[in-house]
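Q: Dropping in work-v5.cif, which is mmCIF, C-alpha atoms:
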```
data_input
#
loop_
_atom_site.label_atom_id
_atom_site.label_comp_id
_atom_site.auth_asym_id
_atom_site.auth_seq_id
_atom_site.Cartn_x
_atom_site.Cartn_y
_atom_site.Cartn_z
CA MET A 1 0.00 0.00 0.00
CA ARG A 2 1.49 3.32 -1.10
CA ARG A 3 0.38 6.74 0.09
CA GLU A 4 0.78 9.48 -2.50
CA PRO A 5 -0.34 13.06 -2.25
CA ARG A 6 -3.40 13.98 -4.24
CA ILE A 7 -4.90 17.42 -4.69
CA ILE A 8 -8.60 17.99 -4.14
CA GLU A 9 -10.07 21.27 -5.29
CA VAL A 10 -12.04 23.09 -2.60
CA ARG A 11 -13.44 26.61 -2.84
CA GLN A 12 -14.18 28.00 0.59
CA ASN A 13 -13.90 31.50 1.94
CA VAL A 14 -12.04 31.33 5.21
CA LEU A 15 -14.43 33.83 6.79
CA LYS A 16 -17.57 32.16 5.45
CA ARG A 17 -19.05 31.57 8.91
CA ASN A 18 -18.69 35.24 9.82
CA ASP A 19 -19.89 36.34 6.38
CA LEU A 20 -23.03 34.19 6.61
CA LEU A 21 -23.82 35.43 10.09
CA ALA A 22 -23.25 39.05 9.01
CA ARG A 23 -25.61 38.53 6.09
CA GLU A 24 -28.22 37.17 8.51
CA LEU A 25 -27.74 40.18 10.83
CA ARG A 26 -28.06 42.58 7.89
CA ARG A 27 -31.37 40.96 6.96
CA GLU A 28 -32.64 41.24 10.56
CA PHE A 29 -31.56 44.89 10.76
CA ARG A 30 -33.35 45.67 7.53
CA GLU A 31 -36.54 43.88 8.61
CA ALA A 32 -36.54 45.74 11.93
CA GLY A 33 -35.98 49.05 10.10
CA VAL A 34 -32.80 49.90 11.99
CA GLY A 35 -29.87 51.62 10.26
CA VAL A 36 -26.51 50.30 11.50
CA VAL A 37 -23.26 52.24 11.52
CA SER A 38 -19.92 50.85 12.63
CA LEU A 39 -16.96 52.98 13.66
CA VAL A 40 -13.35 51.85 13.25
CA SER A 41 -10.13 53.69 14.03
CA SER A 42 -6.88 53.41 15.92
CA PRO A 43 -7.07 53.76 19.73
CA GLY A 44 -7.51 57.39 20.78
CA SER A 45 -8.87 58.77 17.50
CA GLY A 46 -12.00 60.01 19.19
CA LYS A 47 -14.58 57.33 18.38
CA THR A 48 -16.18 57.52 21.82
CA ALA A 49 -16.14 61.33 21.95
CA LEU A 50 -17.78 61.54 18.53
CA LEU A 51 -20.29 58.86 19.44
CA GLU A 52 -21.20 60.45 22.77
CA ARG A 53 -21.93 63.76 21.08
CA THR A 54 -23.73 62.03 18.21
CA LEU A 55 -26.02 60.03 20.50
CA THR A 56 -26.86 63.14 22.49
CA LEU A 57 -27.65 65.19 19.39
CA LEU A 58 -29.66 62.44 17.68
CA GLN A 59 -31.78 61.47 20.67
CA PRO A 60 -34.55 64.01 20.23
CA ARG A 61 -35.06 62.94 16.61
CA PHE A 62 -34.28 59.23 16.60
CA ARG A 63 -34.34 56.21 18.84
CA VAL A 64 -30.65 55.31 18.99
CA ALA A 65 -28.50 52.68 20.71
CA ALA A 66 -24.85 51.68 20.75
CA LEU A 67 -22.61 48.66 21.21
CA VAL A 68 -19.04 49.40 22.14
CA GLY A 69 -16.14 46.98 21.87
CA ASP A 70 -12.99 47.04 24.00
CA LEU A 71 -10.45 44.51 25.17
CA ALA A 72 -11.16 45.45 28.77
CA THR A 73 -13.10 47.90 31.01
CA GLU A 74 -16.62 49.25 30.73
CA ASN A 75 -15.39 52.85 30.71
CA ASP A 76 -16.60 53.63 27.21
CA ALA A 77 -20.08 52.25 27.85
CA ALA A 78 -20.24 54.39 31.01
CA ARG A 79 -19.25 57.48 29.00
CA LEU A 80 -21.78 56.77 26.27
CA ALA A 81 -24.53 56.05 28.81
CA ARG A 82 -24.37 59.72 29.81
CA SER A 83 -26.23 60.39 26.56
CA LYS A 84 -29.14 58.37 28.07
CA ALA A 85 -29.19 56.09 25.01
CA PRO A 86 -29.19 52.32 25.60
CA VAL A 87 -25.56 51.18 25.50
CA LYS A 88 -23.89 47.80 25.88
CA GLN A 89 -20.20 47.09 26.30
CA ILE A 90 -18.68 44.13 24.45
CA ILE A 91 -15.53 43.03 26.26
CA THR A 92 -13.45 41.01 23.83
CA GLY A 93 -10.76 39.89 26.29
CA THR A 94 -7.69 39.46 24.13
CA VAL A 95 -9.48 39.56 20.81
CA CYS A 96 -8.45 42.58 18.74
CA HIS A 97 -11.65 43.03 16.72
CA LEU A 98 -15.41 42.51 16.82
CA ASP A 99 -17.00 39.79 14.72
CA ALA A 100 -20.59 39.12 13.72
CA GLU A 101 -21.05 36.52 16.47
CA MET A 102 -20.06 39.00 19.20
CA VAL A 103 -22.53 41.53 17.79
CA ARG A 104 -25.31 38.94 17.66
CA LYS A 105 -24.69 37.91 21.29
CA ALA A 106 -24.56 41.52 22.47
CA LEU A 107 -27.93 42.19 20.87
CA ASP A 108 -29.57 39.49 23.01
CA GLY A 109 -32.30 41.02 25.11
CA TRP A 110 -32.72 44.06 22.87
CA LYS A 111 -35.62 44.37 20.48
CA LEU A 112 -34.18 45.73 17.23
CA ALA A 113 -37.48 47.30 16.23
CA ASP A 114 -37.14 49.60 19.28
CA PHE A 115 -34.30 51.43 17.50
CA GLU A 116 -33.92 53.48 14.37
CA LEU A 117 -30.14 53.78 14.45
CA LEU A 118 -27.64 51.42 16.03
CA PHE A 119 -23.96 52.27 16.37
CA ILE A 120 -21.24 49.67 16.75
CA GLU A 121 -17.95 51.05 18.00
CA ASN A 122 -15.21 48.57 17.13
CA VAL A 123 -12.08 47.87 19.17
CA GLY A 124 -9.45 50.57 18.55
CA ASN A 125 -7.38 48.88 15.86
CA LEU A 126 -6.77 49.76 12.21
CA VAL A 127 -5.78 46.27 11.09
CA CYS A 128 -7.90 43.35 12.26
CA PRO A 129 -11.45 44.81 12.14
CA ALA A 130 -11.03 45.19 8.36
CA SER A 131 -11.59 41.45 7.80
CA TYR A 132 -14.91 41.13 9.63
CA ASP A 133 -18.29 42.10 8.22
CA LEU A 134 -20.65 43.00 11.10
CA GLY A 135 -23.80 43.36 9.02
CA GLU A 136 -23.60 47.15 9.14
CA ASP A 137 -25.06 49.47 6.47
CA MET A 138 -22.21 51.94 6.74
CA ARG A 139 -18.66 51.43 7.95
CA VAL A 140 -17.01 54.65 9.04
CA VAL A 141 -13.25 54.92 9.42
CA LEU A 142 -12.02 57.71 11.68
CA MET A 143 -8.61 59.35 11.72
CA SER A 144 -7.72 62.27 13.92
CA VAL A 145 -5.63 65.22 12.77
CA THR A 146 -3.04 64.38 15.44
CA GLU A 147 -2.27 61.01 13.80
CA GLY A 148 -0.75 62.42 10.64
CA GLU A 149 -1.88 62.63 7.04
CA ASP A 150 -0.32 59.33 5.96
CA LYS A 151 -2.54 57.06 8.09
CA PRO A 152 -4.47 55.85 5.00
CA LEU A 153 -1.24 54.82 3.25
CA LYS A 154 -0.06 52.91 6.32
CA TYR A 155 -3.39 51.10 6.81
CA PRO A 156 -4.89 50.91 3.32
CA THR A 157 -7.05 47.86 3.97
CA ILE A 158 -9.25 49.47 6.59
CA PHE A 159 -9.74 52.59 4.46
CA HIS A 160 -10.42 50.44 1.46
CA GLY A 161 -13.29 48.67 3.20
CA ALA A 162 -14.93 51.84 4.55
CA ASP A 163 -17.99 53.70 3.23
CA LEU A 164 -17.08 57.04 4.79
CA ALA A 165 -13.94 58.62 6.26
CA VAL A 166 -14.28 61.07 9.14
CA ILE A 167 -11.33 63.22 10.11
CA THR A 168 -11.74 64.01 13.80
CA LYS A 169 -10.35 66.58 16.25
CA ALA A 170 -10.56 69.26 13.54
CA ASP A 171 -10.21 71.88 16.29
CA LEU A 172 -6.57 70.78 16.73
CA ALA A 173 -5.70 70.91 13.03
CA ALA A 174 -3.95 74.28 13.12
CA ALA A 175 -1.94 73.40 16.22
CA VAL A 176 -0.50 70.27 14.57
CA GLU A 177 -0.26 71.91 11.11
CA PHE A 178 -2.48 69.24 9.63
CA ASP A 179 -2.34 69.19 5.84
CA TRP A 180 -5.95 68.62 4.71
CA ASP A 181 -5.00 68.33 1.04
CA ALA A 182 -2.42 65.63 1.70
CA ALA A 183 -4.86 63.70 3.90
CA THR A 184 -7.55 63.89 1.22
CA ARG A 185 -5.10 62.82 -1.47
CA ASN A 186 -3.98 59.82 0.58
CA ILE A 187 -7.54 58.70 1.32
CA GLN A 188 -8.47 59.02 -2.35
CA ALA A 189 -5.39 57.02 -3.35
CA VAL A 190 -6.31 53.97 -1.29
CA ARG A 191 -10.05 54.25 -1.87
CA PRO A 192 -10.97 56.44 -4.84
CA GLY A 193 -14.32 58.15 -4.33
CA LEU A 194 -14.55 57.64 -0.55
CA PRO A 195 -16.56 60.55 0.93
CA ILE A 196 -14.70 62.50 3.62
CA LEU A 197 -16.06 64.61 6.47
CA ARG A 198 -14.12 66.75 8.92
CA VAL A 199 -15.54 67.07 12.40
CA SER A 200 -14.79 68.23 15.89
CA ALA A 201 -16.86 66.61 18.61
CA LYS A 202 -15.56 69.33 20.91
CA THR A 203 -16.55 72.47 18.98
CA GLY A 204 -19.34 70.89 16.94
CA GLU A 205 -17.66 71.75 13.63
CA GLY A 206 -18.88 69.47 10.84
CA MET A 207 -21.44 67.75 13.06
CA ASP A 208 -24.39 68.85 10.88
CA ALA A 209 -23.01 67.10 7.78
CA TRP A 210 -22.26 63.99 9.85
CA LEU A 211 -25.75 63.90 11.37
CA GLU A 212 -27.25 64.37 7.93
CA LYS A 213 -25.36 61.31 6.65
CA LEU A 214 -26.71 59.30 9.56
CA ALA A 215 -30.26 60.53 9.09
CA GLY A 216 -29.97 59.43 5.46
CA LEU A 217 -29.67 55.82 6.59
CA ARG A 218 -33.15 55.93 7.98
CA MET B 219 -2.89 40.28 15.05
CA HIS B 220 -5.96 38.30 14.15
CA GLU B 221 -4.02 35.69 12.18
CA LEU B 222 -4.56 33.08 14.89
CA SER B 223 -8.35 33.36 14.63
CA ILE B 224 -8.02 33.18 10.85
CA ALA B 225 -5.75 30.12 11.09
CA MET B 226 -8.29 28.44 13.39
CA ASN B 227 -11.01 29.11 10.80
CA ILE B 228 -8.83 27.51 8.13
CA VAL B 229 -8.26 24.41 10.26
CA GLU B 230 -11.96 24.13 11.04
CA ILE B 231 -12.99 24.35 7.37
CA ALA B 232 -10.26 21.92 6.24
CA GLU B 233 -11.18 19.42 8.94
CA GLU B 234 -14.83 19.58 7.91
CA GLU B 235 -13.98 19.03 4.23
CA ALA B 236 -11.59 16.18 5.06
CA LYS B 237 -14.14 14.47 7.26
CA GLN B 238 -16.83 14.66 4.60
CA ARG B 239 -14.51 13.09 2.05
CA GLY B 240 -12.89 10.63 4.45
CA VAL B 241 -9.36 11.81 3.66
CA GLU B 242 -6.26 12.81 5.61
CA VAL B 243 -4.90 16.30 4.86
CA SER B 244 -1.18 16.91 4.33
CA ALA B 245 -1.45 20.50 3.06
CA VAL B 246 -3.98 23.29 2.73
CA TYR B 247 -3.70 25.64 -0.27
CA LEU B 248 -4.78 29.19 0.30
CA LYS B 249 -5.16 32.20 -1.97
CA LEU B 250 -4.33 35.48 -0.23
CA GLY B 251 -4.78 39.03 -1.51
CA PRO B 252 -3.13 42.10 0.05
CA LEU B 253 -6.53 43.69 0.70
CA SER B 254 -7.59 40.78 2.93
CA GLY B 255 -5.74 42.42 5.79
CA VAL B 256 -3.94 39.18 6.63
CA VAL B 257 -0.15 38.84 6.71
CA LYS B 258 1.30 35.73 5.08
CA ASP B 259 4.18 35.00 7.47
CA ALA B 260 2.09 35.65 10.57
CA LEU B 261 -0.61 33.39 9.17
CA ILE B 262 1.81 30.53 8.53
CA SER B 263 3.20 30.76 12.09
CA ALA B 264 -0.34 30.91 13.46
CA TYR B 265 -1.31 27.88 11.38
CA GLU B 266 1.44 25.82 13.00
CA MET B 267 -0.10 26.61 16.39
CA ALA B 268 -3.69 26.16 15.25
CA VAL B 269 -3.17 22.61 13.93
CA CYS B 270 -1.79 21.33 17.26
CA GLY B 271 -4.01 18.57 18.63
CA THR B 272 -6.21 18.50 15.52
CA SER B 273 -6.41 15.95 12.71
CA LEU B 274 -4.38 18.42 10.63
CA GLU B 275 -1.36 18.28 12.93
CA GLY B 276 1.81 18.11 10.85
CA SER B 277 0.15 19.52 7.72
CA ARG B 278 1.45 22.55 5.83
CA LEU B 279 -0.24 25.78 4.80
CA VAL B 280 0.73 26.72 1.25
CA VAL B 281 -0.05 30.37 0.55
CA GLU B 282 -0.39 31.75 -2.95
CA GLU B 283 -0.27 35.54 -2.87
CA VAL B 284 -2.32 37.18 -5.58
CA PRO B 285 -1.83 40.81 -6.65
CA VAL B 286 -4.48 43.52 -6.67
CA VAL B 287 -6.27 43.91 -9.99
CA VAL B 288 -8.58 46.86 -10.64
CA PHE B 289 -10.94 47.69 -13.48
CA CYS B 290 -9.96 50.95 -15.16
CA PRO B 291 -13.16 52.84 -15.97
CA ARG B 292 -11.38 54.77 -18.73
CA CYS B 293 -9.44 52.00 -20.54
CA ARG B 294 -12.31 49.56 -19.83
CA GLU B 295 -9.60 47.01 -18.99
CA LYS B 296 -8.40 45.07 -15.95
CA ARG B 297 -5.12 46.53 -14.72
CA SER B 298 -2.60 45.88 -11.96
CA PRO B 299 -2.03 49.11 -10.04
CA ARG B 300 1.59 49.93 -9.16
CA SER B 301 0.72 49.61 -5.48
CA PHE B 302 -2.32 48.64 -3.47
CA GLN B 303 -1.97 52.00 -1.74
CA TRP B 304 -2.61 53.76 -5.02
CA LEU B 305 -5.64 52.33 -6.77
CA CYS B 306 -5.31 53.97 -10.14
CA CYS B 307 -4.66 52.72 -13.66
CA PRO B 308 -0.94 52.34 -14.36
CA GLU B 309 -1.56 53.30 -18.02
CA CYS B 310 -3.75 56.40 -17.78
CA ASP B 311 -3.63 57.30 -14.04
CA THR B 312 -7.42 57.27 -13.73
CA PRO B 313 -8.59 56.42 -10.19
CA ALA B 314 -9.97 52.88 -10.23
CA PRO B 315 -12.13 52.07 -7.19
CA GLU B 316 -13.43 48.77 -8.57
CA VAL B 317 -11.23 45.96 -7.26
CA VAL B 318 -11.63 42.73 -9.19
CA GLN B 319 -8.95 40.79 -7.33
CA GLY B 320 -6.88 41.30 -4.19
CA ALA B 321 -9.20 40.74 -1.22
CA GLU B 322 -8.99 36.92 -1.41
CA LEU B 323 -8.77 34.85 1.74
CA GLN B 324 -9.84 31.57 0.27
CA ILE B 325 -9.02 27.91 0.61
CA THR B 326 -8.54 26.61 -2.93
CA ALA B 327 -7.41 23.01 -2.45
CA LEU B 328 -6.41 20.29 -0.03
CA GLU B 329 -3.49 17.96 -0.54
CA VAL B 330 -4.50 14.62 0.85
CA LYS B 331 -2.69 11.38 1.54
CA ASP B 332 -4.10 8.94 -0.92
CA GLU B 333 -4.12 5.18 -0.57
CA THR B 334 -3.43 3.52 -3.87
#
```
Take the structure in the file and give it back as structure tokens.
A:
Amino acid sequence: MRREPRIIEVRQNVLKRNDLLARELRREFREAGVGVVSLVSSPGSGKTALLERTLTLLQPRFRVAALVGDLATENDAARLARSKAPVKQIITGTVCHLDAEMVRKALDGWKLADFELLFIENVGNLVCPASYDLGEDMRVVLMSVTEGEDKPLKYPTIFHGADLAVITKADLAAAVEFDWDAATRNIQAVRPGLPILRVSAKTGEGMDAWLEKLAGLR
Amino acid sequence: MHELSIAMNIVEIAEEEAKQRGVEVSAVYLKLGPLSGVVKDALISAYEMAVCGTSLEGSRLVVEEVPVVVFCPRCREKRSPRSFQWLCCPECDTPAPEVVQGAELQITALEVKDET
């Protein structure tokens, strides 16, 4: 008896389980009439600050809720809860990204039809979250002016998979001599046509355009 | 570094396929694009850890890296951009957002030990 290697053709996406679950979530979101927005960025880009202000400003008009992912602590959920919107923390332990399964579990006990807009704040990480579809309608990548204009070139994959880029901490732009043209050029290089907004959660600059985008998902 | 979770997914899928076909796997062939967000070397190291204690222990992960290919809206042709950080046509410099290849993270084949 001789054992020889033989090649069997198989076509399987490695992330098929996540992709199928994300597709299922997307269908449930649509049926419940809830628009879903996910936020990705490096740690400290201002996701939570933007989200806190966004939840507060949207509350009178829309029923909103948020899931927030972190490796540890419930600090972000506590900050977001100040907006009075329903908020749940997803603690990932050592996992560096959210996946569709974590989102599904976190939604347990919530009735989707109670919300019009749901935000999912991913773990602060510009690499790993790029691979995982969460069933969202719009994926927003944030970069702050303090991170430098070349962020998109360093992390092209996450920008490539986004539907909108938001440049945050616009109030600090002058202090760090942020070059808006270079940032725009770099974003357009890795993802031609990606819409870009500039905002400051602190001063409120650009918040109207951002809120309008969100309202458009409804 | 999510390569370990990815490697565990690969092992799970390969084990399932092997079980269905009643075969023993000696290598898993994978197609990997730069826009998948997964790093080849990290994935291979992670694979070695992920197979431990599974029916795939001792098997290899063979990674074929595929380049990014975009569709140039002006030339109406598939083109390979000079870099995946600059998605424009290398011939006419037109921005080309439509990616036709480069995000692959796909198992394409299994090498199995055959009894003849």
Q: For a cut-off of 12 Å around (-14.4, 62.1, 20.2), file coordinates, pick out all residues using all atoms listed in the file and list them as a ChimeraX atom specification.
A: /A:39,41,43-55,76,79-80,121,142-145,166-171,199-204,207
Q: Kindly extract all protein, DNA and RNA residues lying within 6 Å of the coordinates (-1.9, 22.6, 5.2) given in the file, considering all atoms listed in the file, and supply them as a list in words.
A: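 So the residues meeting the distance criterion are Ser244, Ala245, Val246, Ser277, Arg278 and Leu279 of chain B.
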Q: Save the residues we just selected, C-alpha atoms, as a JSON list (two decimals), keeping the file's coordinate frame?
A:
```
[["chain", "number", "residue", "atom", "x", "y", "z"],
["B", 244, "SER", "CA", -1.18, 16.91, 4.33],
["B", 245, "ALA", "CA", -1.45, 20.50, 3.06],
["B", 246, "VAL", "CA", -3.98, 23.29, 2.73],
["B", 277, "SER", "CA", 0.15, 19.52, 7.72],
["B", 278, "ARG", "CA", 1.45, 22.55, 5.83],
["B", 279, "LEU", "CA", -0.24, 25.78, 4.80]]
```
Q: Can you pull out the residues contacting A:Ile90? Cut-off 9 Å, using only C-alpha atoms, and skip same-chain residues under 3 positions away; I want them as a PyMOL selection string.
A: chain A and resi 67-72+74+77+98+102-103+106
Q: Within 6 Å of chain A, which residues of chain B show up? Give each one with its shortest atom-to-atom distance in Å (one decimal) and the two atoms involved, counting all atoms listed in the file, rows by chain then rising residue number, as JSON lines.
A:
```
{"residue": "B:His220", "atom": "CA", "partner": "A:Cys128", "partner_atom": "CA", "distance": 5.7}
{"residue": "B:Ile228", "atom": "CA", "partner": "A:Val14", "partner_atom": "CA", "distance": 5.8}
{"residue": "B:Leu253", "atom": "CA", "partner": "A:Thr157", "partner_atom": "CA", "distance": 5.3}
{"residue": "B:Gly255", "atom": "CA", "partner": "A:Thr157", "partner_atom": "CA", "distance": 5.9}
{"residue": "B:Gln303", "atom": "CA", "partner": "A:Val190", "partner_atom": "CA", "distance": 4.8}
{"residue": "B:Trp304", "atom": "CA", "partner": "A:Ala189", "partner_atom": "CA", "distance": 4.6}
{"residue": "B:Leu305", "atom": "CA", "partner": "A:Val190", "partner_atom": "CA", "distance": 5.8}
{"residue": "B:Pro313", "atom": "CA", "partner": "A:Pro192", "partner_atom": "CA", "distance": 5.9}
{"residue": "B:Pro315", "atom": "CA", "partner": "A:Pro192", "partner_atom": "CA", "distance": 5.1}
{"residue": "B:Leu323", "atom": "CA", "partner": "A:Val14", "partner_atom": "CA", "distance": 5.9}
{"residue": "B:Gln324", "atom": "CA", "partner": "A:Asn13", "partner_atom": "CA", "distance": 4.4}
{"residue": "B:Ile325", "atom": "CA", "partner": "A:Gln12", "partner_atom": "CA", "distance": 5.2}
{"residue": "B:Thr326", "atom": "CA", "partner": "A:Arg11", "partner_atom": "CA", "distance": 4.9}
{"residue": "B:Ala327", "atom": "CA", "partner": "A:Glu9", "partner_atom": "CA", "distance": 4.3}
{"residue": "B:Leu328", "atom": "CA", "partner": "A:Ile8", "partner_atom": "CA", "distance": 5.2}
{"residue": "B:Glu329", "atom": "CA", "partner": "A:Ile7", "partner_atom": "CA", "distance": 4.4}
{"residue": "B:Val330", "atom": "CA", "partner": "A:Arg6", "partner_atom": "CA", "distance": 5.2}
{"residue": "B:Lys331", "atom": "CA", "partner": "A:Pro5", "partner_atom": "CA", "distance": 4.8}
{"residue": "B:Asp332", "atom": "CA", "partner": "A:Arg3", "partner_atom": "CA", "distance": 5.1}
{"residue": "B:Glu333", "atom": "CA", "partner": "A:Arg3", "partner_atom": "CA", "distance": 4.8}
{"residue": "B:Thr334", "atom": "CA", "partner": "A:Arg2", "partner_atom": "CA", "distance": 5.6}
```
Q: For the selection you just gave me, I'd like the residues written to a file as a PDB file, keeping the file's coordinate frame, keeping C-alpha atoms.
A:
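After the write, part.pdb holds the following:
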```pdb
ATOM      1  CA  HIS B 220      -5.960  38.300  14.150  1.00  0.00           C
ATOM      2  CA  ILE B 228      -8.830  27.510   8.130  1.00  0.00           C
ATOM      3  CA  LEU B 253      -6.530  43.690   0.700  1.00  0.00           C
ATOM      4  CA  GLY B 255      -5.740  42.420   5.790  1.00  0.00           C
ATOM      5  CA  GLN B 303      -1.970  52.000  -1.740  1.00  0.00           C
ATOM      6  CA  TRP B 304      -2.610  53.760  -5.020  1.00  0.00           C
ATOM      7  CA  LEU B 305      -5.640  52.330  -6.770  1.00  0.00           C
ATOM      8  CA  PRO B 313      -8.590  56.420 -10.190  1.00  0.00           C
ATOM      9  CA  PRO B 315     -12.130  52.070  -7.190  1.00  0.00           C
ATOM     10  CA  LEU B 323      -8.770  34.850   1.740  1.00  0.00           C
ATOM     11  CA  GLN B 324      -9.840  31.570   0.270  1.00  0.00           C
ATOM     12  CA  ILE B 325      -9.020  27.910   0.610  1.00  0.00           C
ATOM     13  CA  THR B 326      -8.540  26.610  -2.930  1.00  0.00           C
ATOM     14  CA  ALA B 327      -7.410  23.010  -2.450  1.00  0.00           C
ATOM     15  CA  LEU B 328      -6.410  20.290  -0.030  1.00  0.00           C
ATOM     16  CA  GLU B 329      -3.490  17.960  -0.540  1.00  0.00           C
ATOM     17  CA  VAL B 330      -4.500  14.620   0.850  1.00  0.00           C
ATOM     18  CA  LYS B 331      -2.690  11.380   1.540  1.00  0.00           C
ATOM     19  CA  ASP B 332      -4.100   8.940  -0.920  1.00  0.00           C
ATOM     20  CA  GLU B 333      -4.120   5.180  -0.570  1.00  0.00           C
ATOM     21  CA  THR B 334      -3.430   3.520  -3.870  1.00  0.00           C
TER      22      THR B 334
END
```
Q: Contacts of stretch 291-295 of chain B at 12 Å or less, counting all atoms listed in the file, minus same-chain residues fewer than 4 places along, as a ChimeraX atom specification?
A: /A:192 /B:287,299,305-318
Q: What does the distance from atom CA of B:Lys249 to atom CA of B:Val280 come to in Å, to one decimal?
A: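 Atom CA of B:Lys249 sits 8.7 Å away from atom CA of B:Val280.
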Q: Would you pick out the contacts of B:Val256 at 8 Å or less, using all atoms listed in the file, so that residues sharing its chain but fewer than 5 positions from it are not included, and give the list as a list in words?
A: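 My reading of the contact set: His220, Glu221, Leu250 and Leu261 of chain B.
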Q: One decimal, in Å: what's the spacing between atom CA of A:Ile91 and atom CA of A:Ala162?
A: 23.4 Å
Q: Can you work out which one of B:Ala260, B:Glu275, B:Ser298, B:Pro285 has the shortest atom-to-atom distance to B:Ala232, counting only C-alpha atoms?
A: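 Once distances to B:Ala232 are computed over only C-alpha atoms, the minimum belongs to B:Glu275.
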Q: Restricting the calculation to all atoms listed in the file, which member of B:Cys290, B:Ala321, B:Leu274, B:Leu248 is positioned closest to B:Glu233?
A: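 Using all atoms listed in the file, the shortest distance to B:Glu233 belongs to B:Leu274.
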Q: What is the distance between atom CA of A:Asp137 and atom CA of A:Val36, in Å to one decimal?
A: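 So the answer is 5.3 Å.
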